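The structure under discussion appears below in the form of structure tokens.
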Amino acid sequence: MNADKYHHISDQDLLAKFHADHNNEWLGILLQRYTLLLLGVCMKYLKNEDEAKDSVQQIFLKVIQELQKYKVDYFKSWLYMVAKNHCLMKLRDRQSKIPAELTERLMAAPEVETDWNALVQTDLTLEMMETSLKELNPEQLQCVTLFYLEKKSYQEIAESTGYNMLQVKSYIQNGKRNLKILIEKKLKVK
């Protein structure tokens with residue numbers, strides 16, 4: 001199924017279609033909408049691109065399993081919590097793999113308080129970025145996503161999109177500038 005032709009269907013409607021016929025393609029469309037959000041959340045917590053990408057795939061599988069069993073009303077919020085919990089579990093597993101001697105030395109060191117306000121602010125910024133990305137024109141969205149999130153070169157973007165190099169450069173620069181403007185507007189409102 002082509003996700004673009006379903007952009008007008010709400011998350012709730014896609015979930016209803018999935019629950020009606022249990023066709024995972026409806027979930028695929030829904031998950032594709034939030035791939036950037038998931039990647040952003042995973043990068044924020046895990047600080048490792050490969051681990052974040054793997055986690056997004058693991059979260060997709062978990063979502064498919066969970067939605068077979070449970071009905072979810074607010075998909076985006078629920079998905080965000082699933083991703084956050086997944087990352088926190090990975091971090092906890094990482095912590096448990098630290099040798100006991102090192103753990104004891106860390107325990108003796110002064111404790112650094114978690115800055116919850118900073119975490120909340122980062123979450124808000126990621127949400128604003130995701131919303132703002134969707135407000136870019138399609139060419140800018142495509143080029144910015146390929147360049148910054150998928151780490152493609154100008155040449156690779158030109159080859160995959162059919163735009164020439166000047167267009168790619170222009171879409172990226174203008175997209176980046178417009179993204180900054182959109183986020184700053186949202187920050188002023190909050």
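Numbering starts fresh at 1 for the residues of each chain in the structure tokens, the chains themselves are lettered A, B, ... in the order given, and ligands are numbered from 1 as they appear.
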(request) Would you mind writing down, as an NGL selection string, each residue of chain A that DSSP on the backbone assigns to alpha helix (DSSP H)? (result) :A and (11-21 or 24-33 or 35-46 or 49-69 or 75-96 or 100-108 or 116-135 or 138-144 or 154-161 or 165-189)
(request) Determine, counting only C-alpha atoms, which protein, DNA and RNA residues have an atom within 10 Å of an atom of Asn137 of chain A; residues of the same chain fewer than 4 positions away are not included. Present the result as a VMD selection string. (result) chain A and resid 133 141 to 142 171 175 178
Go ahead and dump the residues you just picked, C-alpha atoms, as a JSON list (two decimals), in the first residue's frame.
[["chain", "number", "residue", "atom", "x", "y", "z"],
["A", 133, "LEU", "CA", 8.88, 18.70, 9.34],
["A", 141, "LEU", "CA", 10.75, 17.43, 3.47],
["A", 142, "GLN", "CA", 12.14, 14.70, 1.22],
["A", 171, "TYR", "CA", 15.74, 22.31, -0.89],
["A", 175, "GLY", "CA", 14.07, 23.34, 4.37],
["A", 178, "ASN", "CA", 12.03, 26.97, 7.27]]
(message) Would you pick out the contacts of Val168 of chain A at 9 Å or less, using only C-alpha atoms, so that residues sharing its chain but fewer than 6 positions from it are not included, and give the list as a list in words?
(response)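 Contacts, in chain order: Glu139, Gln140, Cys143, Tyr154, Gln155, Ile157, Ala158 and Thr161 of chain A.
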(message) Show me, as a ChimeraX atom specification, the residues that have an atom within 12 Å of Leu91 of chain A when counting only C-alpha atoms, minus same-chain residues fewer than 5 positions from it.
(response) /A:42,44-48,51-52,55,84-86,96-98
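Between atom CA of Lys69 of chain A and atom CA of Tyr34 of chain A the separation is 20.8 Å.
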(request) Do a neighbour search on Leu38 of chain A at 12 Å with only C-alpha atoms, toss out local chain neighbours closer than 5 positions, and write the hits as a ChimeraX atom specification. (result) /A:31-33,43-46,49,52-60,63,76-87,123,126-127,130,149
(message) Using only C-alpha atoms, can you tell me which of A:Ile9, A:Phe18, A:Phe75, A:Glu135 comes closest to Lys180 of chain A?
(response) A:Glu135
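Distances from A:Ile29, A:Leu39, A:Ser10, A:Leu15 to Lys71 of chain A were compared using only C-alpha atoms, and the smallest one belongs to A:Leu15.
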